[in-house]
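Undergrad: Here it is, the structure in full.
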Amino acid sequence: MEFNKLLIERRSVRKFDASKTVTEDQIREMIDAARFAPSWKNDQPARYYAVCSPEKLAEIAEGGITPNNIHKIPGTVMLVQTFVKGTSGFNNGVADNRCGDLWGAYDLGLSTAYLILKAKDLGLDTLIMGMRNGDFLREALQIPENEELMAVIAVGYKDEEPALRPRKPADEIVKFF
Ligand SMILES: Cc1cc2nc3c(=O)[nH]c(=O)nc-3n(C[C@H](O)[C@H](O)[C@H](O)COP(=O)(O)O)c2cc1C
């Protein structure tokens, strides 16, 4: 898809077509694209837990997703994202500046942008869910304690056409010097 079109037409989708299936190969292509995102000293702290099997999806849906998000996930594969703590933004275990592990979150956010745009390019849509049950997901997916669990991304085929949500004008968010 043409780059500007991709940027402008991506939406958070909250209703997916449950008759269609997202494949592991499609998820692999998305992760593959996300690998090209920049990161602090090329640390690459992003990690993904791809929940594809119907059994594991049901388990995650049961306890890993908060009630306000639960209706949004039928028909999706879920990607649980983490970043490895104490690496990005750190030198030999010492934080390089006051941001500390915020740099790990920063790097993960960059790779997320690549990931969700690649999904769109593949004809898929996504919903980033920051509202999730981290303790449940950590246990269910055996996520180690040195990884910070961030969002869950639902990936599927859209079954709605969401309107563009309002955006602040560029001049409101930039100061030129
Ligand atoms: C870090 C983050 C967390 C989010 N968490 C949720 C969520 O838990 N549930 C939800 O429905 N949308 C969630 N969203 C989606 C945002 O509401 C959405 O991106 C925003 O309203 C802009 O709409 P758009 O993505 O369609 O452009 C989240 C987005 C981000 C980036």
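To be explicit about the labels: the chains of the structure tokens are called A, B, and onward in the order shown, and within each one the residues are counted from 1, while ligands get numbers from 1 in the order they are shown.
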Once you count only C-alpha atoms and all ligand atoms, which residues end up within 8 Å of ligand 1, and could you hand them over as a PDB file with N, CA and C atoms, in the first residue's frame?
TA:
```pdb
ATOM      1  N   ARG A  10      -4.893   3.685   8.456  1.00  0.00           N
ATOM      2  CA  ARG A  10      -4.859   2.761   9.608  1.00  0.00           C
ATOM      3  C   ARG A  10      -5.796   3.269  10.697  1.00  0.00           C
ATOM      4  N   ARG A  11      -6.534   2.359  11.273  1.00  0.00           N
ATOM      5  CA  ARG A  11      -7.438   2.692  12.384  1.00  0.00           C
ATOM      6  C   ARG A  11      -7.328   1.629  13.456  1.00  0.00           C
ATOM      7  N   SER A  12      -7.667   1.991  14.673  1.00  0.00           N
ATOM      8  CA  SER A  12      -7.904   0.962  15.686  1.00  0.00           C
ATOM      9  C   SER A  12      -9.248   0.330  15.372  1.00  0.00           C
ATOM     10  N   VAL A  13      -9.252  -0.989  15.232  1.00  0.00           N
ATOM     11  CA  VAL A  13     -10.489  -1.700  14.893  1.00  0.00           C
ATOM     12  C   VAL A  13     -10.962  -2.463  16.127  1.00  0.00           C
ATOM     13  N   ARG A  14     -12.243  -2.349  16.412  1.00  0.00           N
ATOM     14  CA  ARG A  14     -12.790  -2.975  17.631  1.00  0.00           C
ATOM     15  C   ARG A  14     -13.850  -4.021  17.323  1.00  0.00           C
ATOM     16  N   ASN A  68     -13.694  -4.196  29.712  1.00  0.00           N
ATOM     17  CA  ASN A  68     -14.017  -3.171  28.705  1.00  0.00           C
ATOM     18  C   ASN A  68     -13.448  -3.492  27.322  1.00  0.00           C
ATOM     19  N   ASN A  69     -12.496  -4.417  27.257  1.00  0.00           N
ATOM     20  CA  ASN A  69     -11.903  -4.785  25.964  1.00  0.00           C
ATOM     21  C   ASN A  69     -12.370  -6.146  25.461  1.00  0.00           C
ATOM     22  N   LYS A  72     -13.966  -7.022  22.115  1.00  0.00           N
ATOM     23  CA  LYS A  72     -13.284  -6.571  20.901  1.00  0.00           C
ATOM     24  C   LYS A  72     -12.409  -7.635  20.269  1.00  0.00           C
ATOM     25  N   LEU A 127      -5.765  -3.723  17.060  1.00  0.00           N
ATOM     26  CA  LEU A 127      -6.166  -2.889  18.199  1.00  0.00           C
ATOM     27  C   LEU A 127      -5.115  -3.062  19.289  1.00  0.00           C
ATOM     28  N   ILE A 128      -4.482  -1.954  19.663  1.00  0.00           N
ATOM     29  CA  ILE A 128      -3.549  -1.977  20.794  1.00  0.00           C
ATOM     30  C   ILE A 128      -4.397  -1.871  22.058  1.00  0.00           C
ATOM     31  N   MET A 129      -4.151  -2.798  22.992  1.00  0.00           N
ATOM     32  CA  MET A 129      -4.908  -2.744  24.251  1.00  0.00           C
ATOM     33  C   MET A 129      -3.948  -2.572  25.432  1.00  0.00           C
ATOM     34  N   GLY A 130      -3.971  -1.358  25.978  1.00  0.00           N
ATOM     35  CA  GLY A 130      -3.169  -1.100  27.175  1.00  0.00           C
ATOM     36  C   GLY A 130      -3.904  -1.564  28.426  1.00  0.00           C
ATOM     37  N   MET A 131      -5.215  -1.690  28.310  1.00  0.00           N
ATOM     38  CA  MET A 131      -6.020  -2.167  29.443  1.00  0.00           C
ATOM     39  C   MET A 131      -6.107  -3.683  29.350  1.00  0.00           C
ATOM     40  N   ARG A 132      -5.313  -4.350  30.156  1.00  0.00           N
ATOM     41  CA  ARG A 132      -5.207  -5.817  30.149  1.00  0.00           C
ATOM     42  C   ARG A 132      -4.785  -6.264  31.531  1.00  0.00           C
ATOM     43  N   ALA A 151       1.565  -3.772  26.110  1.00  0.00           N
ATOM     44  CA  ALA A 151       0.216  -3.908  25.554  1.00  0.00           C
ATOM     45  C   ALA A 151      -0.052  -5.310  25.000  1.00  0.00           C
ATOM     46  N   PRO A 162     -14.173   2.207  11.018  1.00  0.00           N
ATOM     47  CA  PRO A 162     -14.123   3.321  11.976  1.00  0.00           C
ATOM     48  C   PRO A 162     -13.715   4.628  11.288  1.00  0.00           C
ATOM     49  N   ALA A 163     -14.326   5.721  11.760  1.00  0.00           N
ATOM     50  CA  ALA A 163     -13.968   7.048  11.227  1.00  0.00           C
ATOM     51  C   ALA A 163     -12.628   7.466  11.815  1.00  0.00           C
ATOM     52  N   LEU A 164     -11.974   8.377  11.128  1.00  0.00           N
ATOM     53  CA  LEU A 164     -10.717   8.931  11.649  1.00  0.00           C
ATOM     54  C   LEU A 164     -11.006   9.721  12.920  1.00  0.00           C
ATOM     55  N   ARG A 165     -10.298   9.415  13.990  1.00  0.00           N
ATOM     56  CA  ARG A 165     -10.474  10.169  15.231  1.00  0.00           C
ATOM     57  C   ARG A 165      -9.729  11.492  15.099  1.00  0.00           C
TER      58      ARG A 165
END
```
Undergrad: Looking only at the backbone, which of the residues in chain A does DSSP tag as helix (DSSP H, G or I), as a PDB file with C-alpha atoms, in the first residue's frame?
TA:
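Result written to result_17.pdb:
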```pdb
ATOM      1  CA  PHE A   3       2.935   4.918   2.347  1.00  0.00           C
ATOM      2  CA  ASN A   4       0.787   8.008   3.009  1.00  0.00           C
ATOM      3  CA  LYS A   5      -2.400   6.034   2.387  1.00  0.00           C
ATOM      4  CA  LEU A   6      -1.176   3.442   4.873  1.00  0.00           C
ATOM      5  CA  LEU A   7      -0.533   6.098   7.527  1.00  0.00           C
ATOM      6  CA  ILE A   8      -3.853   7.849   7.029  1.00  0.00           C
ATOM      7  CA  GLU A   9      -6.083   4.802   6.633  1.00  0.00           C
ATOM      8  CA  GLU A  24       1.284 -17.628  11.941  1.00  0.00           C
ATOM      9  CA  ASP A  25       3.011 -16.657   8.690  1.00  0.00           C
ATOM     10  CA  GLN A  26       1.222 -13.297   8.682  1.00  0.00           C
ATOM     11  CA  ILE A  27       2.265 -12.683  12.288  1.00  0.00           C
ATOM     12  CA  ARG A  28       5.838 -13.644  11.378  1.00  0.00           C
ATOM     13  CA  GLU A  29       5.803 -11.094   8.543  1.00  0.00           C
ATOM     14  CA  MET A  30       4.649  -8.390  10.977  1.00  0.00           C
ATOM     15  CA  ILE A  31       7.356  -9.259  13.505  1.00  0.00           C
ATOM     16  CA  ASP A  32       9.871  -9.389  10.696  1.00  0.00           C
ATOM     17  CA  ALA A  33       8.984  -5.811   9.720  1.00  0.00           C
ATOM     18  CA  ALA A  34       9.110  -4.632  13.358  1.00  0.00           C
ATOM     19  CA  TRP A  40      18.811   2.514  21.756  1.00  0.00           C
ATOM     20  CA  LYS A  41      22.311   1.346  20.735  1.00  0.00           C
ATOM     21  CA  ASN A  42      20.527  -1.239  18.597  1.00  0.00           C
ATOM     22  CA  PRO A  54      -7.937 -21.426  19.814  1.00  0.00           C
ATOM     23  CA  GLU A  55      -7.314 -22.999  23.253  1.00  0.00           C
ATOM     24  CA  LYS A  56      -4.725 -20.437  24.357  1.00  0.00           C
ATOM     25  CA  LEU A  57      -6.762 -17.589  22.857  1.00  0.00           C
ATOM     26  CA  ALA A  58      -9.774 -18.691  24.909  1.00  0.00           C
ATOM     27  CA  GLU A  59      -7.643 -18.809  28.064  1.00  0.00           C
ATOM     28  CA  ILE A  60      -6.219 -15.333  27.427  1.00  0.00           C
ATOM     29  CA  ALA A  61      -9.651 -13.940  26.590  1.00  0.00           C
ATOM     30  CA  GLU A  62     -11.004 -15.383  29.831  1.00  0.00           C
ATOM     31  CA  GLY A  63      -8.531 -13.780  32.209  1.00  0.00           C
ATOM     32  CA  PRO A  67     -13.939  -6.429  30.681  1.00  0.00           C
ATOM     33  CA  ASN A  68     -14.017  -3.171  28.705  1.00  0.00           C
ATOM     34  CA  ASN A  69     -11.903  -4.785  25.964  1.00  0.00           C
ATOM     35  CA  ILE A  70     -13.255  -8.333  26.018  1.00  0.00           C
ATOM     36  CA  LEU A 102      11.402   4.476  29.604  1.00  0.00           C
ATOM     37  CA  TRP A 103      13.854   3.945  26.735  1.00  0.00           C
ATOM     38  CA  GLY A 104      12.840   0.281  26.558  1.00  0.00           C
ATOM     39  CA  ALA A 105       9.204   1.362  26.320  1.00  0.00           C
ATOM     40  CA  TYR A 106      10.214   3.951  23.712  1.00  0.00           C
ATOM     41  CA  ASP A 107      11.918   1.290  21.589  1.00  0.00           C
ATOM     42  CA  LEU A 108       8.968  -1.070  21.935  1.00  0.00           C
ATOM     43  CA  GLY A 109       6.638   1.733  20.831  1.00  0.00           C
ATOM     44  CA  LEU A 110       8.733   2.306  17.724  1.00  0.00           C
ATOM     45  CA  SER A 111       8.632  -1.364  16.814  1.00  0.00           C
ATOM     46  CA  THR A 112       4.877  -1.349  17.455  1.00  0.00           C
ATOM     47  CA  ALA A 113       4.431   1.389  14.864  1.00  0.00           C
ATOM     48  CA  TYR A 114       6.247  -0.734  12.292  1.00  0.00           C
ATOM     49  CA  LEU A 115       4.235  -3.780  13.324  1.00  0.00           C
ATOM     50  CA  ILE A 116       0.776  -2.250  13.026  1.00  0.00           C
ATOM     51  CA  LEU A 117       1.609  -0.538   9.735  1.00  0.00           C
ATOM     52  CA  LYS A 118       2.903  -3.811   8.316  1.00  0.00           C
ATOM     53  CA  ALA A 119      -0.334  -5.459   9.441  1.00  0.00           C
ATOM     54  CA  LYS A 120      -2.273  -2.840   7.477  1.00  0.00           C
ATOM     55  CA  ASP A 121      -0.026  -3.423   4.487  1.00  0.00           C
ATOM     56  CA  GLY A 134      -0.732  -8.225  33.199  1.00  0.00           C
ATOM     57  CA  ASP A 135      -0.409 -10.680  36.094  1.00  0.00           C
ATOM     58  CA  PHE A 136      -2.674 -13.204  34.374  1.00  0.00           C
ATOM     59  CA  LEU A 137      -0.834 -12.880  31.061  1.00  0.00           C
ATOM     60  CA  ARG A 138       2.581 -13.197  32.706  1.00  0.00           C
ATOM     61  CA  GLU A 139       1.526 -16.444  34.347  1.00  0.00           C
ATOM     62  CA  ALA A 140      -0.300 -17.876  31.323  1.00  0.00           C
ATOM     63  CA  LEU A 141       2.563 -17.164  28.901  1.00  0.00           C
ATOM     64  CA  ALA A 170       0.768  20.086  13.653  1.00  0.00           C
ATOM     65  CA  ASP A 171       1.208  23.712  14.786  1.00  0.00           C
ATOM     66  CA  GLU A 172      -0.282  22.848  18.185  1.00  0.00           C
ATOM     67  CA  ILE A 173       2.326  20.178  18.912  1.00  0.00           C
TER      68      ILE A 173
END
```
Undergrad: Within segment 13-148 of chain A, find each residue whose DSSP state, derived from the backbone, is strand (DSSP E or B), and express the selection as an MDAnalysis selection string.
TA: chainID A and resid 16 46:51 65 77:84 90:91 94:95 125:129 132 147:148
Undergrad: Between atom CA of Ser39 of chain A and atom CA of Asp125 of chain A, what is the spacing in Å?
TA: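 Taking atom CA of Asp125 of chain A as the start and atom CA of Ser39 of chain A as the end point, the length is 24.6 Å.
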